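J.: Quick one: the structure is below, questions incoming.
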Number of protein chains: 2
Amino acid sequence: MTKRIKAFAPATIANLSCGFDVLGLAVQQPGDEVEVTLNDSGRVTIDAIFGDGGNLPLEATRNTSGVAIIEFLRATHHTTGASVVLHKNLPLGSGMGSSAASAVAAVVAINELLGRPLKKKELLPFVMEAERVACGSAHADNAAPCLLGGLILIRENNPLDIIEIPTPKDLVCVLVHPHVEVKTRDARAVLKPTIALKDGIKQWANTAALVAGMMKNDYDLIGRALVDVIAEPLRADLIPGFWQAKEAALKNGALGCGISGSGPTVFCLCHGRENAIRAGKAIQQVFLSLALASEIFVSEINREGAHITH
Amino acid sequence: MTKRIKAFAPATIANLSCGFDVLGLAVQQPGDEVEVTLNDSGRVTIDAIFGDGGNLPLEATRNTSGVAIIEFLRATHHTTGASVVLHKNLPLGSGMGSSAASAVAAVVAINELLGRPLKKKELLPFVMEAERVACGSAHADNAAPCLLGGLILIRENNPLDIIEIPTPKDLVCVLVHPHVEVKTRDARAVLKPTIALKDGIKQWANTAALVAGMMKNDYDLIGRALVDVIAEPLRADLIPGFWQAKEAALKNGALGCGISGSGPTVFCLCHGRENAIRAGKAIQQVFLSLALASEIFVSEINREGAHITH
């Protein structure tokens, strides 16, 4: 009998405004699904990719799902072959942690197929290695929340030190993905290697306040702390209508609003679903006024992270 | 009958390593005491100052205790006169929040004398105005914890937004004050107006992690997060033997160790009194090997802040 398992891994909001490069939050939907089947070929292959518009590489060594499985098999001394079918539900280059999600789903599936030799948290290095292949640097800000769920603080990437931050029960996330391309490379290029000390002070005041707001269930404080004086002012120009969209969101129920990852997706955090839907529609309306189509995803926080679906 | 009240206000550790300019923590001891007596002179006078070695101004408009009372009386529309006797137990220019403590004790006393027209938190602006006179800028990082107690995050100074951060039960503070002068002005002058983005990212990762560690009662995390890559590397040279003192503290029971405020006092946070005493002595020993005398203060966290003593 062929062993075959499917796993789901969610979209993630990296940065969360003030938490540039150090915070990431997992949502319930959307997410990627990866089916992995063991075989005796001794090789890892990508058999099919659905939903990527033909843009992702089928070579396992260049695809994050393939890289994560190869690294996992090497580290656990398995010689099995594996074939992968990837269902891309996350838009590529959207700032929703698409590359991490494929890698996470793949490695969760292969770990399950082989009888769970590793704990969930121990899978993270393989995903980070896949991220290195996809993005050029081994960051955990999408990978960790995608795998583990919830809000994750990455205190340090090397050696990895990640901290789970509790979040309020009624916090709801909105992702609005406008159909415009922002290359991670370009989003990185607009950043400057130095920042003003006074801006740095604001940023760490807000990052600390955001963690406090989350742990105190203080929705107002979360809203006040969702401020980014470092990346957002430089990256906003890459997203048409960003400032109007943000203003519309804040007027329509969002506690805070910013750029998800390196964009172009815009995120909000809201108190309750009703506010979230209203804020999402307000953002979409702004994009529409600029003849820009977009999708809205409204979702509670995903506290479980990636999981086996069948 | 003459109305006369005495108030105590504690030393505070501003910055707490990673929380440069945004965090402050109150200790139990030492602290300043201020006696205030109402009179019908219509003026605020400083009648005596003990323990300052004659270094503090007796003019009420130039002394933080006088300024705080003048501002309080003006804001609350009182025309009473007041005379002040100041018992300076905090060494001047030590980085222990000495100027804030005198102002806080003074304003707590006058508020009590006049039947508490204002809540404790509402006294903060008068202390900040006094800090402006003493230091040139209206910062709350000593003033707020001195007044309110505990660990305080100053998210913003203007408009003021302060957040109380819970702290673990067995967290003990050590302050070691070496007899060397560091002028706040010099400690400010060594800072640079810009910082590397990568250092900023480390700083806000650690500030967020420190808040999480405090709220999760995670002593190890508190230790890992007590890292300052911004001010400490530049200010360490102003304190003879700082790096050896820090190393000695970390080897002798300190979770973390850094510069209190702008120095020269060195602080540690420790799990339990025993570790705190050991760490304090280790630091003092290093200073002694450099022929530098010092005092050690070991203290639980002051969760009450300034208070009336009689």
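Naming works like this for the structure tokens: A, B, ... for the chains as they're shown, residue 1 at the start of each chain, ligands 1 onward in shown order.
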Report as a PyMOL selection string: the residues of region 2-243 of chain B with a DSSP assignment of helix (DSSP H, G or I), based on the backbone of this structure.
T.: chain B and resi 17-19+60-62+64-75+98-113+120-135+143-148+184-189+197-215+219-225+232-238+242-243
J.: Can I have chain B aligned to chain A? Use a least-squares fit on all Cα atoms paired in order and write it out as a CSV table (one decimal) with C-alpha atoms, in the first residue's frame.
T.:
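Generated file (selection.csv):
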```csv
chain,number,residue,atom,x,y,z
B,1,MET,CA,0.1,0.0,0.0
B,2,THR,CA,1.3,3.4,-0.9
B,3,LYS,CA,1.6,5.8,2.0
B,4,ARG,CA,0.3,9.2,1.1
B,5,ILE,CA,-0.4,12.2,3.4
B,6,LYS,CA,-1.7,15.7,2.8
B,7,ALA,CA,-0.8,18.7,5.1
B,8,PHE,CA,-2.1,22.2,5.3
B,9,ALA,CA,0.1,25.2,6.2
B,10,PRO,CA,-1.4,28.7,6.6
B,11,ALA,CA,-0.5,32.2,5.4
B,12,THR,CA,1.4,34.3,7.8
B,13,ILE,CA,1.7,38.1,8.4
B,14,ALA,CA,5.4,38.8,8.9
B,15,ASN,CA,6.6,42.1,10.6
B,16,LEU,CA,3.2,43.2,12.0
B,17,SER,CA,4.2,46.9,11.5
B,18,CYS,CA,6.6,47.7,14.4
B,19,GLY,CA,7.9,44.1,14.6
B,20,PHE,CA,10.0,44.4,11.4
B,21,ASP,CA,11.9,41.2,10.9
B,22,VAL,CA,11.1,39.8,14.3
B,23,LEU,CA,7.3,39.1,14.5
B,24,GLY,CA,5.0,36.8,12.5
B,25,LEU,CA,1.4,35.8,12.9
B,26,ALA,CA,-0.5,32.8,11.5
B,27,VAL,CA,-4.0,33.1,10.1
B,28,GLN,CA,-6.6,30.3,9.5
B,29,GLN,CA,-7.0,30.9,5.8
B,30,PRO,CA,-5.8,30.8,3.1
B,31,GLY,CA,-3.0,28.2,3.1
B,32,ASP,CA,-1.1,25.8,0.9
B,33,GLU,CA,-1.7,22.1,0.8
B,34,VAL,CA,1.0,19.6,0.0
B,35,GLU,CA,0.5,15.8,-0.7
B,36,VAL,CA,3.6,13.6,-0.1
B,37,THR,CA,3.9,10.0,-1.2
B,38,LEU,CA,6.8,7.7,-0.2
B,39,ASN,CA,8.4,5.6,-2.9
B,40,ASP,CA,11.6,3.6,-3.3
B,41,SER,CA,13.1,5.8,-6.0
B,42,GLY,CA,15.6,7.2,-3.5
B,43,ARG,CA,14.8,10.7,-4.9
B,44,VAL,CA,12.6,13.6,-4.1
B,45,THR,CA,10.4,14.8,-7.0
B,46,ILE,CA,7.8,17.4,-7.5
B,47,ASP,CA,5.1,15.6,-9.6
B,48,ALA,CA,2.6,18.5,-10.0
B,49,ILE,CA,2.0,22.0,-8.9
B,50,PHE,CA,-1.6,23.5,-9.0
B,51,GLY,CA,-2.4,27.1,-8.7
B,52,ASP,CA,1.0,28.7,-9.4
B,53,GLY,CA,0.3,29.7,-13.0
B,54,GLY,CA,3.3,27.7,-14.0
B,55,ASN,CA,5.7,30.1,-12.2
B,56,LEU,CA,7.3,27.8,-9.6
B,57,PRO,CA,10.2,25.4,-10.5
B,58,LEU,CA,9.4,21.7,-10.6
B,59,GLU,CA,13.0,20.8,-9.7
B,60,ALA,CA,12.9,19.7,-6.1
B,61,THR,CA,16.2,21.4,-5.2
B,62,ARG,CA,14.8,24.8,-6.3
B,63,ASN,CA,11.2,24.5,-4.9
B,64,THR,CA,10.8,25.2,-1.2
B,65,SER,CA,8.7,22.1,-0.6
B,66,GLY,CA,11.3,19.9,-2.2
B,67,VAL,CA,14.2,21.5,-0.4
B,68,ALA,CA,12.5,21.1,3.0
B,69,ILE,CA,11.9,17.4,2.4
B,70,ILE,CA,15.5,16.8,1.1
B,71,GLU,CA,16.9,18.5,4.2
B,72,PHE,CA,14.6,16.6,6.5
B,73,LEU,CA,15.5,13.2,5.0
B,74,ARG,CA,19.2,14.0,5.1
B,75,ALA,CA,19.0,15.1,8.8
B,76,THR,CA,17.0,12.0,9.9
B,77,HIS,CA,19.1,9.6,7.8
B,78,HIS,CA,16.2,8.3,5.7
B,79,THR,CA,16.9,7.0,2.2
B,80,THR,CA,13.3,6.8,1.0
B,81,GLY,CA,12.2,8.5,-2.1
B,82,ALA,CA,9.2,11.0,-2.0
B,83,SER,CA,7.0,12.6,-4.5
B,84,VAL,CA,5.2,15.8,-3.9
B,85,VAL,CA,2.0,17.4,-5.2
B,86,LEU,CA,1.7,21.0,-4.3
B,87,HIS,CA,-1.6,22.9,-4.2
B,88,LYS,CA,-0.7,26.6,-4.2
B,89,ASN,CA,-3.5,28.5,-2.7
B,90,LEU,CA,-1.3,31.4,-1.5
B,91,PRO,CA,-0.5,33.9,-4.2
B,92,LEU,CA,3.2,34.1,-5.0
B,93,GLY,CA,5.1,37.2,-4.0
B,94,SER,CA,2.2,38.5,-2.1
B,95,GLY,CA,3.8,39.0,1.3
B,96,MET,CA,1.7,36.3,2.8
B,97,GLY,CA,4.5,33.8,3.4
B,98,SER,CA,3.8,31.7,0.4
B,99,SER,CA,7.3,30.1,0.1
B,100,ALA,CA,7.3,29.2,3.8
B,101,ALA,CA,3.9,27.7,3.7
B,102,SER,CA,4.8,25.2,0.9
B,103,ALA,CA,7.9,24.1,2.8
B,104,VAL,CA,6.1,23.8,6.1
B,105,ALA,CA,3.3,21.7,4.7
B,106,ALA,CA,5.8,19.5,2.9
B,107,VAL,CA,7.9,18.8,6.0
B,108,VAL,CA,4.9,18.3,8.3
B,109,ALA,CA,3.6,15.7,5.8
B,110,ILE,CA,7.0,13.8,5.4
B,111,ASN,CA,7.5,13.8,9.2
B,112,GLU,CA,4.0,12.2,9.6
B,113,LEU,CA,4.6,9.7,6.9
B,114,LEU,CA,7.8,8.5,8.6
B,115,GLY,CA,6.2,8.1,12.0
B,116,ARG,CA,7.0,11.5,13.5
B,117,PRO,CA,10.7,11.1,14.3
B,118,LEU,CA,10.9,14.8,15.1
B,119,LYS,CA,8.7,17.2,17.1
B,120,LYS,CA,7.0,20.0,15.3
B,121,LYS,CA,9.4,22.7,16.5
B,122,GLU,CA,12.4,20.6,15.3
B,123,LEU,CA,11.1,20.8,11.7
B,124,LEU,CA,11.9,24.6,11.6
B,125,PRO,CA,15.5,24.4,10.5
B,126,PHE,CA,14.5,22.5,7.3
B,127,VAL,CA,11.9,25.2,6.5
B,128,MET,CA,14.5,27.9,7.1
B,129,GLU,CA,16.9,26.2,4.8
B,130,ALA,CA,14.1,26.2,2.1
B,131,GLU,CA,13.6,29.9,2.8
B,132,ARG,CA,17.2,30.5,2.2
B,133,VAL,CA,17.0,28.9,-1.2
B,134,ALA,CA,13.8,30.9,-2.0
B,135,CYS,CA,14.7,34.3,-0.5
B,136,GLY,CA,18.5,34.3,0.0
B,137,SER,CA,18.3,34.4,3.8
B,138,ALA,CA,17.3,31.9,6.4
B,139,HIS,CA,14.6,33.9,8.2
B,140,ALA,CA,12.0,32.4,10.6
B,141,ASP,CA,9.5,35.2,10.6
B,142,ASN,CA,7.1,33.4,8.3
B,143,ALA,CA,8.3,29.9,8.8
B,144,ALA,CA,7.9,29.8,12.6
B,145,PRO,CA,4.3,31.0,12.9
B,146,CYS,CA,3.3,29.0,9.8
B,147,LEU,CA,4.6,25.8,11.5
B,148,LEU,CA,3.6,26.5,15.1
B,149,GLY,CA,0.7,28.8,14.8
B,150,GLY,CA,-0.1,32.0,16.7
B,151,LEU,CA,2.1,35.0,17.2
B,152,ILE,CA,5.8,34.3,17.2
B,153,LEU,CA,8.7,36.6,18.2
B,154,ILE,CA,12.0,35.7,16.7
B,155,ARG,CA,14.5,37.0,19.2
B,156,GLU,CA,17.3,35.7,17.2
B,157,ASN,CA,17.7,33.7,13.9
B,158,ASN,CA,21.1,32.2,14.6
B,159,PRO,CA,21.1,30.4,17.0
B,160,LEU,CA,17.3,30.3,16.7
B,161,ASP,CA,15.4,31.7,19.7
B,162,ILE,CA,11.6,31.9,19.1
B,163,ILE,CA,9.0,33.0,21.7
B,164,GLU,CA,5.3,32.3,21.5
B,165,ILE,CA,3.3,35.3,22.4
B,166,PRO,CA,-0.3,34.7,23.5
B,167,THR,CA,-3.0,36.7,21.7
B,168,PRO,CA,-6.5,38.0,22.6
B,169,LYS,CA,-9.4,35.7,21.9
B,170,ASP,CA,-11.4,38.1,19.6
B,171,LEU,CA,-8.5,39.4,17.6
B,172,VAL,CA,-9.3,38.9,13.9
B,173,CYS,CA,-6.9,39.4,10.9
B,174,VAL,CA,-7.7,40.8,7.5
B,175,LEU,CA,-5.5,40.3,4.5
B,176,VAL,CA,-6.2,42.3,1.4
B,177,HIS,CA,-4.1,41.2,-1.6
B,178,PRO,CA,-4.1,43.7,-4.4
B,179,HIS,CA,-3.2,42.4,-7.9
B,180,VAL,CA,0.1,44.2,-8.2
B,181,GLU,CA,3.5,42.7,-8.0
B,182,VAL,CA,6.1,43.7,-5.4
B,183,LYS,CA,9.3,41.7,-5.6
B,184,THR,CA,10.9,40.9,-2.2
B,185,ARG,CA,14.1,42.1,-3.7
B,186,ASP,CA,12.7,45.5,-4.5
B,187,ALA,CA,11.0,45.7,-1.1
B,188,ARG,CA,14.4,45.0,0.5
B,189,ALA,CA,16.2,47.5,-1.8
B,190,VAL,CA,14.2,50.5,-0.6
B,191,LEU,CA,15.3,50.0,3.0
B,192,LYS,CA,18.3,51.9,4.2
B,193,PRO,CA,21.2,50.3,6.1
B,194,THR,CA,21.0,52.9,8.8
B,195,ILE,CA,18.1,54.4,10.7
B,196,ALA,CA,17.8,57.4,13.0
B,197,LEU,CA,18.3,56.5,16.7
B,198,LYS,CA,15.1,58.4,17.5
B,199,ASP,CA,13.1,56.2,15.0
B,200,GLY,CA,14.7,53.1,16.5
B,201,ILE,CA,13.6,54.2,19.9
B,202,LYS,CA,10.0,54.6,18.6
B,203,GLN,CA,10.2,51.2,17.0
B,204,TRP,CA,11.3,49.3,20.1
B,205,ALA,CA,8.8,51.2,22.3
B,206,ASN,CA,6.1,50.0,19.9
B,207,THR,CA,7.3,46.4,19.6
B,208,ALA,CA,7.4,46.1,23.3
B,209,ALA,CA,4.0,47.7,23.6
B,210,LEU,CA,2.5,45.4,21.0
B,211,VAL,CA,3.7,42.3,23.0
B,212,ALA,CA,2.3,43.9,26.2
B,213,GLY,CA,-1.0,44.6,24.5
B,214,MET,CA,-1.3,41.1,23.2
B,215,MET,CA,-0.5,39.5,26.6
B,216,LYS,CA,-2.8,42.0,28.5
B,217,ASN,CA,-5.7,41.5,26.0
B,218,ASP,CA,-5.6,45.3,25.6
B,219,TYR,CA,-7.1,45.9,22.1
B,220,ASP,CA,-6.6,49.7,22.3
B,221,LEU,CA,-2.9,49.3,23.1
B,222,ILE,CA,-2.5,46.8,20.2
B,223,GLY,CA,-3.9,49.5,18.0
B,224,ARG,CA,-1.6,52.3,19.4
B,225,ALA,CA,1.4,50.0,19.1
B,226,LEU,CA,0.8,48.9,15.4
B,227,VAL,CA,3.1,51.7,14.1
B,228,ASP,CA,6.1,51.2,11.8
B,229,VAL,CA,8.4,54.1,11.4
B,230,ILE,CA,11.2,52.1,9.7
B,231,ALA,CA,10.0,50.0,6.7
B,232,GLU,CA,6.4,51.2,6.0
B,233,PRO,CA,7.3,54.8,5.1
B,234,LEU,CA,9.8,53.5,2.5
B,235,ARG,CA,7.7,50.6,1.2
B,236,ALA,CA,4.4,52.3,1.0
B,237,ASP,CA,5.2,53.8,-2.4
B,238,LEU,CA,5.5,50.3,-3.9
B,239,ILE,CA,1.7,49.7,-3.2
B,240,PRO,CA,-0.6,52.0,-5.1
B,241,GLY,CA,-3.1,53.7,-2.7
B,242,PHE,CA,-1.5,52.3,0.5
B,243,TRP,CA,-1.9,55.4,2.6
B,244,GLN,CA,-5.6,55.9,1.6
B,245,ALA,CA,-6.2,52.2,2.2
B,246,LYS,CA,-4.7,52.4,5.6
B,247,GLU,CA,-6.7,55.5,6.5
B,248,ALA,CA,-9.9,53.9,5.3
B,249,ALA,CA,-9.2,50.8,7.4
B,250,LEU,CA,-8.5,52.8,10.5
B,251,LYS,CA,-11.8,54.7,10.0
B,252,ASN,CA,-13.7,51.4,9.5
B,253,GLY,CA,-12.9,49.2,12.4
B,254,ALA,CA,-9.2,48.3,12.2
B,255,LEU,CA,-7.1,48.6,15.3
B,256,GLY,CA,-4.1,48.9,13.1
B,257,CYS,CA,-3.1,48.4,9.5
B,258,GLY,CA,0.2,47.8,7.7
B,259,ILE,CA,2.0,45.9,5.0
B,260,SER,CA,2.1,42.1,5.4
B,261,GLY,CA,5.6,40.9,5.0
B,262,SER,CA,7.2,42.9,2.2
B,263,GLY,CA,3.8,43.5,0.5
B,264,PRO,CA,1.8,44.2,-1.5
B,265,THR,CA,-0.8,42.5,0.7
B,266,VAL,CA,-2.2,44.9,3.3
B,267,PHE,CA,-3.2,43.5,6.7
B,268,CYS,CA,-5.3,44.8,9.6
B,269,LEU,CA,-5.9,43.5,13.1
B,270,CYS,CA,-9.4,44.1,14.4
B,271,HIS,CA,-11.5,43.4,17.5
B,272,GLY,CA,-14.1,41.0,16.2
B,273,ARG,CA,-15.2,39.7,12.8
B,274,GLU,CA,-17.6,42.5,12.1
B,275,ASN,CA,-14.9,45.2,12.3
B,276,ALA,CA,-12.6,43.0,10.2
B,277,ILE,CA,-15.1,42.6,7.4
B,278,ARG,CA,-15.8,46.3,7.4
B,279,ALA,CA,-12.1,47.2,7.4
B,280,GLY,CA,-11.3,44.7,4.6
B,281,LYS,CA,-14.1,46.1,2.4
B,282,ALA,CA,-12.9,49.7,3.0
B,283,ILE,CA,-9.4,48.7,1.8
B,284,GLN,CA,-10.7,46.8,-1.2
B,285,GLN,CA,-12.8,49.9,-2.1
B,286,VAL,CA,-9.7,52.1,-2.2
B,287,PHE,CA,-7.9,49.7,-4.4
B,288,LEU,CA,-11.0,49.4,-6.7
B,289,SER,CA,-11.0,53.2,-7.0
B,290,LEU,CA,-7.5,52.8,-8.5
B,291,ALA,CA,-8.7,50.1,-10.9
B,292,LEU,CA,-6.9,47.5,-8.8
B,293,ALA,CA,-8.6,44.2,-8.2
B,294,SER,CA,-8.0,42.4,-4.8
B,295,GLU,CA,-9.0,39.5,-2.7
B,296,ILE,CA,-10.0,39.8,1.0
B,297,PHE,CA,-9.3,37.1,3.6
B,298,VAL,CA,-10.8,37.5,7.0
B,299,SER,CA,-9.6,35.0,9.6
B,300,GLU,CA,-9.2,34.3,13.3
B,301,ILE,CA,-5.7,33.7,14.5
B,302,ASN,CA,-4.5,30.2,13.7
B,303,ARG,CA,-3.3,28.9,17.1
B,304,GLU,CA,-2.4,25.4,15.8
B,305,GLY,CA,-0.2,26.1,12.8
B,306,ALA,CA,0.3,23.6,10.0
B,307,HIS,CA,-1.5,20.3,10.3
B,308,ILE,CA,-2.3,17.0,8.6
B,309,THR,CA,-5.6,17.1,6.7
B,310,HIS,CA,-5.7,13.5,5.6
```
J.: Got a sec to tell me which of region 141-304 of chain A DSSP assigns to strand (DSSP E), as an NGL selection string?
T.: :A and (151-157 or 160-165 or 171-178 or 194-196 or 254-259 or 266-271 or 294-300)
